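Text of the file structure_28.cif, holding mmCIF, C-alpha atoms:
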data_model
loop_
_atom_site.label_atom_id
_atom_site.label_comp_id
_atom_site.auth_asym_id
_atom_site.auth_seq_id
_atom_site.Cartn_x
_atom_site.Cartn_y
_atom_site.Cartn_z
CA MET A 25 -47.09 50.77 10.10
CA THR A 26 -45.23 53.91 9.10
CA SER A 27 -46.39 57.48 9.24
CA PHE A 28 -48.21 57.12 5.96
CA PRO A 29 -51.99 57.01 6.48
CA GLY A 30 -52.43 53.31 6.07
CA PRO A 31 -53.76 51.53 9.17
CA GLN A 32 -56.02 48.69 8.20
CA VAL A 33 -59.77 49.26 8.11
CA SER A 34 -61.75 46.31 9.38
CA ARG A 35 -63.90 44.24 7.03
CA ARG A 36 -66.82 44.73 9.38
CA ALA A 37 -66.63 48.51 9.17
CA LEU A 38 -66.46 48.43 5.40
CA LEU A 39 -69.56 46.27 5.27
CA GLN A 40 -71.32 48.52 7.73
CA PHE A 41 -70.71 51.46 5.43
CA GLY A 42 -72.69 49.89 2.61
CA ALA A 43 -75.66 48.70 4.68
CA ALA A 44 -77.60 50.24 7.52
CA ALA A 45 -76.25 49.13 10.89
CA ALA A 46 -78.73 48.91 13.71
CA GLY A 47 -77.68 50.61 16.89
CA ALA A 48 -74.65 52.40 15.45
CA ALA A 49 -72.05 53.04 18.09
CA ALA A 50 -71.50 56.57 19.37
CA LEU A 51 -68.35 58.27 18.20
CA THR A 52 -65.59 57.72 20.71
CA SER A 53 -62.86 59.99 19.41
CA CYS A 54 -61.57 62.93 21.41
CA SER A 55 -63.75 66.02 21.23
CA ARG A 56 -62.95 68.31 24.13
CA GLY A 57 -65.00 66.03 26.39
CA LEU A 58 -67.93 65.85 23.98
CA GLY A 59 -68.63 62.14 23.80
CA GLY A 60 -70.71 61.24 20.76
CA SER A 61 -73.16 62.95 18.47
CA SER A 62 -74.70 66.07 19.92
CA SER A 63 -76.45 67.37 16.83
CA GLY A 64 -78.06 64.29 15.32
CA GLY A 65 -76.54 64.85 11.89
CA GLY A 66 -76.54 68.61 12.00
CA SER A 67 -79.67 69.72 13.86
CA GLY A 68 -80.03 73.45 14.47
CA SER A 69 -76.95 75.56 13.84
CA THR A 70 -74.41 73.24 15.47
CA LEU A 71 -71.96 71.62 13.08
CA GLU A 72 -70.34 68.31 13.83
CA PHE A 73 -66.92 68.32 12.25
CA MET A 74 -65.06 65.00 12.23
CA PHE A 75 -61.37 64.86 11.34
CA TRP A 76 -58.07 63.19 12.17
CA GLY A 77 -54.56 64.42 12.72
CA GLU A 78 -51.18 63.47 14.13
CA GLY A 79 -48.78 65.45 16.28
CA ASP A 80 -50.08 69.02 16.65
CA GLN A 81 -52.34 68.93 13.55
CA ASN A 82 -55.61 68.67 15.48
CA LYS A 83 -54.57 71.34 17.99
CA LYS A 84 -53.88 73.85 15.22
CA LEU A 85 -57.10 73.12 13.38
CA ILE A 86 -58.99 73.64 16.64
CA ALA A 87 -57.29 77.03 16.98
CA ALA A 88 -58.58 78.02 13.51
CA LEU A 89 -62.06 76.76 14.40
CA ASP A 90 -62.03 78.95 17.49
CA LEU A 91 -61.34 81.94 15.26
CA TYR A 92 -64.18 80.93 12.95
CA GLN A 93 -66.67 80.74 15.81
CA LYS A 94 -65.78 84.31 16.77
CA SER A 95 -66.52 85.56 13.26
CA GLU A 96 -69.80 87.19 12.31
CA GLY A 97 -72.62 84.76 11.52
CA ALA A 98 -70.57 81.70 12.42
CA SER A 99 -72.23 78.43 13.35
CA LYS A 100 -71.33 76.62 16.54
CA VAL A 101 -68.89 73.79 15.84
CA ASN A 102 -68.64 70.52 17.75
CA PRO A 103 -65.26 69.05 16.72
CA GLN A 104 -64.89 65.27 16.78
CA TYR A 105 -61.26 64.37 16.29
CA SER A 106 -58.75 61.57 16.73
CA GLY A 107 -55.59 60.12 15.27
CA PHE A 108 -55.83 58.33 11.94
CA SER A 109 -55.97 54.83 13.43
CA GLY A 110 -59.59 53.73 13.64
CA TYR A 111 -60.93 56.91 12.05
CA TYR A 112 -62.64 55.19 9.12
CA ASP A 113 -64.19 52.54 11.34
CA LYS A 114 -65.88 55.33 13.30
CA LEU A 115 -66.90 57.28 10.22
CA ALA A 116 -68.28 54.17 8.49
CA THR A 117 -70.34 53.33 11.56
CA ARG A 118 -71.77 56.84 11.74
CA VAL A 119 -72.66 56.94 8.05
CA ALA A 120 -74.16 53.44 8.03
CA GLY A 121 -76.27 54.28 11.07
CA GLY A 122 -77.76 57.35 9.39
CA ASN A 123 -76.02 59.71 11.79
CA PRO A 124 -73.11 61.18 9.81
CA PRO A 125 -71.21 64.27 10.93
CA ASP A 126 -72.05 67.44 9.04
CA VAL A 127 -68.49 67.81 7.76
CA PHE A 128 -65.81 65.15 7.66
CA GLN A 129 -62.27 64.68 6.50
CA ILE A 130 -61.57 62.05 3.87
CA HIS A 131 -58.60 61.06 1.72
CA LEU A 132 -57.82 59.74 -1.71
CA PRO A 133 -58.64 56.00 -1.51
CA TYR A 134 -62.15 56.76 -0.21
CA LEU A 135 -63.26 59.69 -2.36
CA MET A 136 -65.06 57.76 -5.07
CA GLU A 137 -66.51 55.22 -2.65
CA TYR A 138 -68.24 57.89 -0.61
CA ILE A 139 -69.50 59.61 -3.77
CA LYS A 140 -70.96 56.38 -5.16
CA ARG A 141 -72.75 55.73 -1.88
CA GLN A 142 -74.25 59.24 -1.98
CA ALA A 143 -72.61 60.12 1.32
CA VAL A 144 -71.17 63.40 -0.02
CA GLN A 145 -73.05 66.61 -0.83
CA PRO A 146 -72.38 68.09 -4.33
CA LEU A 147 -70.82 71.54 -4.00
CA ASP A 148 -71.35 73.08 -7.45
CA GLU A 149 -73.49 75.94 -6.17
CA TYR A 150 -70.77 76.77 -3.64
CA LYS A 151 -67.76 76.46 -5.95
CA ASP A 152 -67.04 80.19 -5.86
CA ASP A 153 -67.20 80.33 -2.06
CA LEU A 154 -64.77 77.41 -1.79
CA GLY A 155 -62.48 78.47 -4.65
CA LEU A 156 -63.05 75.21 -6.49
CA ASP A 157 -62.79 76.79 -9.94
CA SER A 158 -59.33 78.19 -9.26
CA MET A 159 -57.48 75.10 -8.07
CA PRO A 160 -54.16 74.21 -9.73
CA ASP A 161 -54.54 71.46 -12.32
CA TYR A 162 -52.45 69.01 -10.32
CA VAL A 163 -54.98 68.93 -7.44
CA ALA A 164 -58.22 69.97 -9.17
CA THR A 165 -58.80 66.48 -10.56
CA THR A 166 -59.67 65.16 -7.11
CA THR A 167 -62.26 67.78 -6.17
CA LYS A 168 -64.85 66.53 -8.66
CA ALA A 169 -66.25 63.44 -10.32
CA ASP A 170 -68.75 62.97 -13.14
CA GLY A 171 -68.74 66.73 -13.72
CA LYS A 172 -69.71 67.68 -10.16
CA TYR A 173 -67.68 69.19 -7.34
CA TYR A 174 -67.68 67.25 -4.06
CA PHE A 175 -64.65 68.17 -1.96
CA ALA A 176 -63.16 71.32 -0.47
CA LEU A 177 -59.38 71.47 -0.09
CA LEU A 178 -57.87 72.94 3.02
CA GLY A 179 -54.28 72.89 1.81
CA ALA A 180 -51.78 71.05 -0.35
CA ALA A 181 -48.47 69.38 0.25
CA THR A 182 -45.81 67.35 -1.46
CA GLN A 183 -46.33 63.60 -1.47
CA PRO A 184 -44.73 61.49 -0.25
CA ALA A 185 -42.22 63.20 2.02
CA ILE A 186 -38.99 61.71 3.23
CA ILE A 187 -38.25 62.81 6.78
CA VAL A 188 -34.56 62.93 7.70
CA ASN A 189 -33.17 62.87 11.23
CA THR A 190 -30.27 65.26 10.69
CA THR A 191 -29.11 64.91 14.30
CA LYS A 192 -28.57 61.19 13.82
CA LEU A 193 -26.86 61.71 10.45
CA LYS A 194 -24.53 64.36 11.88
CA GLY A 195 -23.58 61.99 14.68
CA LEU A 196 -22.58 59.42 12.06
CA GLY A 197 -20.67 61.95 9.94
CA LEU A 198 -23.23 61.68 7.14
CA ALA A 199 -25.04 64.36 5.12
CA ALA A 200 -28.62 64.29 3.85
CA PRO A 201 -28.99 63.63 0.10
CA GLY A 202 -29.99 66.24 -2.46
CA THR A 203 -33.40 66.57 -4.08
CA ASP A 204 -32.58 64.30 -7.02
CA TRP A 205 -31.68 60.77 -6.08
CA THR A 206 -32.50 57.37 -7.53
CA ILE A 207 -33.80 54.19 -5.95
CA ASP A 208 -30.31 52.70 -6.18
CA GLN A 209 -28.84 55.72 -4.39
CA TYR A 210 -31.59 55.44 -1.79
CA LYS A 211 -30.66 51.81 -1.12
CA ALA A 212 -26.98 52.67 -0.80
CA THR A 213 -27.71 55.56 1.58
CA MET A 214 -29.81 53.39 3.91
CA GLY A 215 -27.08 50.77 4.00
CA GLU A 216 -24.51 53.44 4.82
CA VAL A 217 -26.48 54.48 7.91
CA TRP A 218 -26.66 50.89 9.10
CA GLY A 219 -22.95 50.37 8.57
CA LYS A 220 -21.73 53.68 10.03
CA SER A 221 -23.85 53.14 13.15
CA GLY A 222 -22.20 49.82 13.86
CA HIS A 223 -25.46 48.05 13.05
CA LYS A 224 -27.32 49.94 15.78
CA LEU A 225 -29.47 52.31 13.66
CA ALA A 226 -31.49 51.26 10.62
CA GLY A 227 -31.41 53.48 7.60
CA THR A 228 -35.16 53.75 7.12
CA ALA A 229 -38.61 52.88 8.29
CA ASP A 230 -40.29 50.20 6.16
CA LEU A 231 -42.44 51.89 3.50
CA GLY A 232 -43.27 48.69 1.63
CA GLY A 233 -46.90 48.67 2.78
CA SER A 234 -47.53 52.30 1.85
CA PRO A 235 -49.69 52.85 -1.25
CA ILE A 236 -48.35 56.40 -1.50
CA ALA A 237 -44.75 55.22 -1.63
CA LEU A 238 -45.70 52.47 -4.10
CA GLU A 239 -47.42 55.01 -6.34
CA SER A 240 -44.28 57.15 -6.39
CA PHE A 241 -42.16 54.10 -7.21
CA LEU A 242 -44.52 53.25 -10.08
CA ARG A 243 -44.36 56.80 -11.44
CA GLY A 244 -40.63 56.39 -11.70
CA ARG A 245 -41.25 53.28 -13.84
CA GLY A 246 -43.72 55.10 -16.09
CA LYS A 247 -46.72 53.37 -14.50
CA ALA A 248 -49.73 54.37 -12.39
CA LEU A 249 -51.64 52.71 -9.58
CA PHE A 250 -54.79 52.46 -11.68
CA GLY A 251 -55.59 52.30 -15.36
CA ASP A 252 -58.89 52.96 -17.08
CA GLY A 253 -62.01 52.02 -15.19
CA SER A 254 -61.47 49.62 -12.31
CA SER A 255 -58.16 48.09 -13.31
CA LEU A 256 -54.63 48.26 -11.96
CA GLY A 257 -52.18 50.35 -13.92
CA PHE A 258 -49.15 48.15 -13.25
CA GLY A 259 -48.11 44.54 -13.59
CA GLU A 260 -47.02 41.72 -11.33
CA ASP A 261 -43.37 42.38 -12.15
CA ASP A 262 -43.71 45.96 -10.83
CA LEU A 263 -45.15 44.82 -7.51
CA ALA A 264 -42.55 42.06 -7.24
CA ALA A 265 -39.78 44.63 -7.68
CA TRP A 266 -41.34 46.80 -4.97
CA LEU A 267 -41.79 44.02 -2.40
CA GLN A 268 -38.32 42.66 -3.11
CA LEU A 269 -36.81 46.11 -2.59
CA TRP A 270 -38.12 46.20 0.97
CA GLN A 271 -37.32 42.59 1.66
CA ASP A 272 -33.72 43.31 0.65
CA LEU A 273 -33.57 46.43 2.81
CA ARG A 274 -34.94 44.57 5.82
CA GLY A 275 -32.62 41.66 5.17
CA ASN A 276 -29.42 43.69 5.34
CA GLY A 277 -30.48 45.97 8.21
CA SER A 278 -31.06 49.00 6.02
CA ALA A 279 -34.77 49.02 7.01
CA VAL A 280 -36.23 48.28 10.43
CA PRO A 281 -37.45 44.73 11.11
CA MET A 282 -41.08 43.92 10.37
CA ALA A 283 -41.85 43.59 14.09
CA VAL A 284 -40.98 47.28 14.52
CA THR A 285 -43.10 48.24 11.50
CA ALA A 286 -46.12 46.30 12.73
CA ALA A 287 -46.05 48.25 16.00
CA ALA A 288 -45.36 51.68 14.46
CA THR A 289 -48.83 53.23 14.30
CA GLY A 290 -48.89 57.02 14.26
CA PHE A 291 -46.12 59.59 14.38
CA GLN A 292 -45.47 58.91 18.06
CA ASN A 293 -44.36 55.33 17.30
CA ASP A 294 -42.58 56.00 14.03
CA PRO A 295 -39.07 54.47 13.84
CA VAL A 296 -37.54 57.94 13.52
CA THR A 297 -39.48 59.30 16.49
CA VAL A 298 -38.43 56.38 18.72
CA GLY A 299 -34.83 56.47 17.50
CA LYS A 300 -34.70 53.25 15.50
CA ALA A 301 -34.13 54.72 12.02
CA ALA A 302 -32.61 57.82 10.44
CA TYR A 303 -35.15 58.17 7.62
CA THR A 304 -38.88 57.67 7.41
CA GLY A 305 -41.77 58.65 5.18
CA THR A 306 -44.93 60.62 5.75
CA ALA A 307 -47.93 60.88 3.49
CA THR A 308 -47.15 64.54 2.82
CA SER A 309 -44.68 67.21 3.81
CA ARG A 310 -47.15 68.67 6.29
CA GLY A 311 -46.15 65.81 8.57
CA LEU A 312 -42.72 67.33 9.19
CA PRO A 313 -43.69 69.93 11.84
CA SER A 314 -45.93 67.40 13.56
CA MET A 315 -43.18 64.80 13.73
CA GLN A 316 -40.72 67.41 14.93
CA SER A 317 -43.03 68.14 17.86
CA LEU A 318 -42.47 64.57 19.04
CA THR A 319 -38.66 64.40 19.10
CA LYS A 320 -35.76 66.51 20.36
CA ASP A 321 -33.63 65.52 17.37
CA ALA A 322 -33.55 67.95 14.44
CA LEU A 323 -35.57 66.76 11.45
CA SER A 324 -35.44 67.87 7.84
CA LEU A 325 -37.36 67.21 4.65
CA GLY A 326 -36.35 65.26 1.56
CA THR A 327 -37.92 64.07 -1.66
CA PHE A 328 -38.84 60.52 -2.61
CA PRO A 329 -36.27 58.90 -4.92
CA SER A 330 -37.00 58.68 -8.65
CA GLY A 331 -36.43 55.91 -11.15
CA GLY A 332 -33.44 57.70 -12.66
CA PRO A 333 -32.72 60.16 -15.50
CA GLY A 334 -35.66 60.82 -17.78
CA THR A 335 -38.27 59.48 -15.36
CA GLN A 336 -41.02 61.35 -13.55
CA PRO A 337 -40.14 62.74 -10.11
CA GLY A 338 -40.92 60.42 -7.22
CA THR A 339 -42.56 63.28 -5.30
CA ASN A 340 -45.85 64.84 -6.36
CA VAL A 341 -48.25 67.51 -5.06
CA ILE A 342 -51.47 66.44 -3.41
CA PRO A 343 -54.19 68.03 -1.27
CA ALA A 344 -53.25 67.75 2.39
CA GLY A 345 -56.88 67.10 3.21
CA TRP A 346 -60.19 66.71 1.45
CA PHE A 347 -63.29 67.81 3.35
CA ALA A 348 -66.83 66.73 2.53
CA ILE A 349 -70.28 67.83 3.64
CA SER A 350 -72.93 65.22 4.35
CA PRO A 351 -76.14 65.53 2.32
CA LYS A 352 -77.95 64.69 5.57
CA SER A 353 -76.67 67.84 7.23
CA LYS A 354 -79.37 70.28 8.32
CA ASN A 355 -76.91 73.16 8.18
CA ILE A 356 -75.20 72.93 4.79
CA GLU A 357 -74.90 76.71 4.50
CA GLY A 358 -73.11 76.81 7.84
CA ALA A 359 -70.83 73.96 6.76
CA VAL A 360 -69.89 75.87 3.62
CA SER A 361 -69.29 79.01 5.68
CA MET A 362 -66.94 77.13 8.01
CA LEU A 363 -64.99 75.54 5.15
CA LYS A 364 -64.76 78.87 3.33
CA PHE A 365 -63.26 80.45 6.45
CA LEU A 366 -60.74 77.65 6.90
CA THR A 367 -59.66 77.63 3.26
CA SER A 368 -59.47 81.36 2.50
CA ASN A 369 -59.10 83.38 5.72
CA ALA A 370 -55.60 84.70 6.43
CA GLU A 371 -56.03 84.51 10.21
CA ALA A 372 -57.13 80.88 9.97
CA ALA A 373 -54.12 80.11 7.80
CA THR A 374 -51.82 81.74 10.33
CA ALA A 375 -53.37 79.76 13.19
CA MET A 376 -52.96 76.47 11.34
CA GLY A 377 -49.49 77.22 10.04
CA LEU A 378 -48.69 74.35 7.72
CA ALA A 379 -50.19 71.64 9.92
CA ARG A 380 -53.01 71.25 7.39
CA GLY A 381 -50.88 71.87 4.33
CA VAL A 382 -49.61 74.79 2.29
CA PRO A 383 -52.50 77.22 1.61
CA ILE A 384 -53.70 76.80 -1.97
CA PRO A 385 -54.92 80.39 -2.68
CA GLU A 386 -51.85 82.33 -3.84
CA ASP A 387 -52.55 85.41 -1.72
CA ILE A 388 -52.89 83.33 1.46
CA ARG A 389 -49.78 81.34 0.59
CA LYS A 390 -47.78 84.57 0.15
CA THR A 391 -49.01 85.81 3.53
CA VAL A 392 -47.83 82.63 5.23
CA SER A 393 -44.55 82.57 3.30
CA THR A 394 -43.43 86.08 4.28
CA SER A 395 -42.99 85.13 7.94
CA ALA A 396 -42.03 81.47 7.49
CA THR A 397 -38.85 80.26 9.17
CA GLY A 398 -37.30 76.95 10.13
CA LEU A 399 -39.37 73.87 9.31
CA ASN A 400 -42.20 75.87 7.77
CA LYS A 401 -39.80 77.44 5.30
CA LEU A 402 -38.49 73.97 4.43
CA VAL A 403 -42.03 72.78 3.70
CA LEU A 404 -42.87 75.86 1.60
CA ASP A 405 -39.63 75.66 -0.36
CA ASN A 406 -40.17 71.95 -0.97
CA TYR A 407 -43.70 72.65 -2.21
CA ALA A 408 -42.48 75.38 -4.56
CA LEU A 409 -39.75 73.11 -5.92
CA ILE A 410 -42.10 70.23 -6.73
CA ALA A 411 -44.85 72.50 -8.10
CA SER A 412 -42.30 74.10 -10.46
CA ARG A 413 -41.55 70.72 -12.01
CA GLY A 414 -45.06 70.41 -13.46
CA PRO A 415 -46.34 67.49 -11.38
CA ALA A 416 -48.82 65.13 -12.98
CA ALA A 417 -52.51 65.43 -12.15
CA LEU A 418 -53.70 63.06 -9.46
CA GLN A 419 -55.91 60.06 -10.13
CA MET A 420 -59.31 59.61 -8.55
CA TYR A 421 -59.09 56.05 -7.28
CA PRO A 422 -61.89 53.62 -8.26
CA PRO A 423 -64.33 52.12 -5.73
CA GLY A 424 -62.70 49.26 -3.88
CA ALA A 425 -59.30 50.95 -3.87
CA SER A 426 -59.42 51.67 -0.14
CA LYS A 427 -59.57 48.02 0.89
CA LEU A 428 -56.94 47.02 -1.65
CA LEU A 429 -54.47 49.75 -0.71
CA GLN A 430 -55.13 50.11 3.00
CA THR A 431 -55.42 46.40 3.80
CA SER A 432 -54.11 44.13 1.04
CA LEU A 433 -50.89 46.01 0.31
CA PRO A 434 -49.76 46.29 3.97
CA ASN A 435 -50.70 42.64 4.48
CA VAL A 436 -48.64 41.29 1.58
CA ASN A 437 -45.64 43.37 2.63
CA GLN A 438 -46.04 42.11 6.18
CA VAL A 439 -46.28 38.40 5.37
CA VAL A 440 -43.13 38.69 3.27
CA GLY A 441 -41.38 40.59 6.05
CA PHE A 442 -42.31 37.99 8.66
CA GLY A 443 -41.16 35.18 6.39
CA LYS A 444 -44.66 33.74 6.01
CA SER A 445 -44.73 34.15 2.22
CA THR A 446 -42.39 34.50 -0.73
CA VAL A 447 -42.51 37.63 -2.83
CA ALA A 448 -44.05 35.65 -5.71
CA GLN A 449 -46.82 34.28 -3.48
CA ALA A 450 -47.53 37.74 -2.08
CA VAL A 451 -47.80 39.21 -5.57
CA THR A 452 -50.28 36.49 -6.60
CA LYS A 453 -52.34 37.19 -3.47
CA PHE A 454 -52.43 40.94 -4.09
CA PHE A 455 -53.57 40.59 -7.70
CA SER A 456 -56.23 38.12 -6.59
CA ASP A 457 -57.42 40.63 -4.00
CA ALA A 458 -57.49 43.29 -6.72
CA GLN A 459 -59.84 41.20 -8.87
CA THR A 460 -62.23 40.95 -5.94
CA ALA A 461 -61.97 44.54 -4.70
CA LEU A 462 -62.00 46.49 -7.98
CA LYS A 463 -65.40 45.90 -9.52
#

Kindly transcribe the structure held in the file into structure tokens.
Amino acid sequence: MTSFPGPQVSRRALLQFGAAAAGAAALTSCSRGLGGSSSGGGSGSTLEFMFWGEGDQNKKLIAALDLYQKSEGASKVNPQYSGFSGYYDKLATRVAGGNPPDVFQIHLPYLMEYIKRQAVQPLDEYKDDLGLDSMPDYVATTTKADGKYYFALLGAATQPAIIVNTTKLKGLGLAAPGTDWTIDQYKATMGEVWGKSGHKLAGTADLGGSPIALESFLRGRGKALFGDGSSLGFGEDDLAAWLQLWQDLRGNGSAVPMAVTAAATGFQNDPVTVGKAAYTGTATSRGLPSMQSLTKDALSLGTFPSGGPGTQPGTNVIPAGWFAISPKSKNIEGAVSMLKFLTSNAEAATAMGLARGVPIPEDIRKTVSTSATGLNKLVLDNYALIASRGPAALQMYPPGASKLLQTSLPNVNQVVGFGKSTVAQAVTKFFSDAQTALK
């Protein structure tokens, strides 16, 4: 897998989420030596806060939490954190077993599923505390459903982000592309890296299994991932074009082989981090500093290619993280207090930097921007550029989208890449999976 959040979630965990699971396993993610649940779903004033991150993202959020716990009236926080891989298996087990964390991180494919299963506390009475009424239009659509607010936003970022290894490009006598490039130019650029390197360095990581990259590709074709209700917003010809793009790139060396992609879980194993490609993709631009922390090569930030003149930009703006409160929490007021601090306190924003996204409140963003240098300035400038283009509002994905996008899409890209299926067969399989998943 690439650095996009897309590891597969097991069928068992998804089933566990919808039905009570006897003897739910204790959380095994890292938590400063704190093994599993210590608060039984939020007993007393202690808050269990479950989240994921890559690179230095968890470390910086912990630094902001330390500041919160020193503030007046703060609740004690027991952080439960890990990398993305396996996160939803653990969360599903906790929720199914009736022992959810008080606060947990979630992302786009799962928002509606957790709402429908009543695993998320409505936040309407706290909308002023969390700034939910003042969100920009392009992210506000994913904070609420059916007229109710459900999710707090810690930051925003551009999506997807193209990460460029400028050290590798300089060594090949190549320059990074500008902010406006087409899919055809993208293909040519990746082939140029492969050729200039003497067939030793691939142009790009394989993004064919990434729903975020697919969504950007579809935007450039005037389509969307989903239509009205629980239907796909694109046709078989669109998916065939997408899968064929990556099969062609793999076939001529412009993208890394599928065996490399299958092993590339997390930033630490990304083809750019391990020196096997010059370009990669991350879910959002906030991944740039975290990836940079894992390599000595200089990295830079690019935009996703578009469909060409007159089409929508390939890059959009998206929340860097949605955070939900469990209705089972016994300390909802404390959970709101913690999220308010993280989303609107200048000291917390400084501690996190851009690891959890560009601050959404304008005053906080200005505070961070005044001292930004290097990679942080790149991320902020990239955010400002995309926001100025009037990005389209995000879609709230329908129930069933998580399994389709996190499992079916990577699988069909993988079977094509390993030569186990033709593109046409993979497209048929994906649309069959969609009929089953989207109900």

Residue members of the PyMOL selection byres ((chain A and resi 238) around 10) in the file shown, as a VMD selection string: chain A and resid 184 231 to 237 239 to 244 248 to 249 262 to 263 266 to 267 338 429 433

Selection result for the PyMOL selection byres ((chain A and resi 185) around 9) on this file, as a PyMOL selection string: chain A and resi 181-184+186-187+304-312+325-328+339

Chain and number of each residue from the PyMOL selection byres ((chain A and resi 416-418) around 6), as an NGL selection string: :A and (162 or 415 or 419)

Among listed residues A:Asn406, A:Gly345, A:Ala229, A:Phe108, nearest Thr167 of chain A (using only C-alpha atoms):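 Closest to Thr167 of chain A of all the choices is A:Gly345.
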
Between atom CA of Leu363 of chain A and atom CA of Lys427 of chain A, distance in Å (one decimal): 28.4 Å
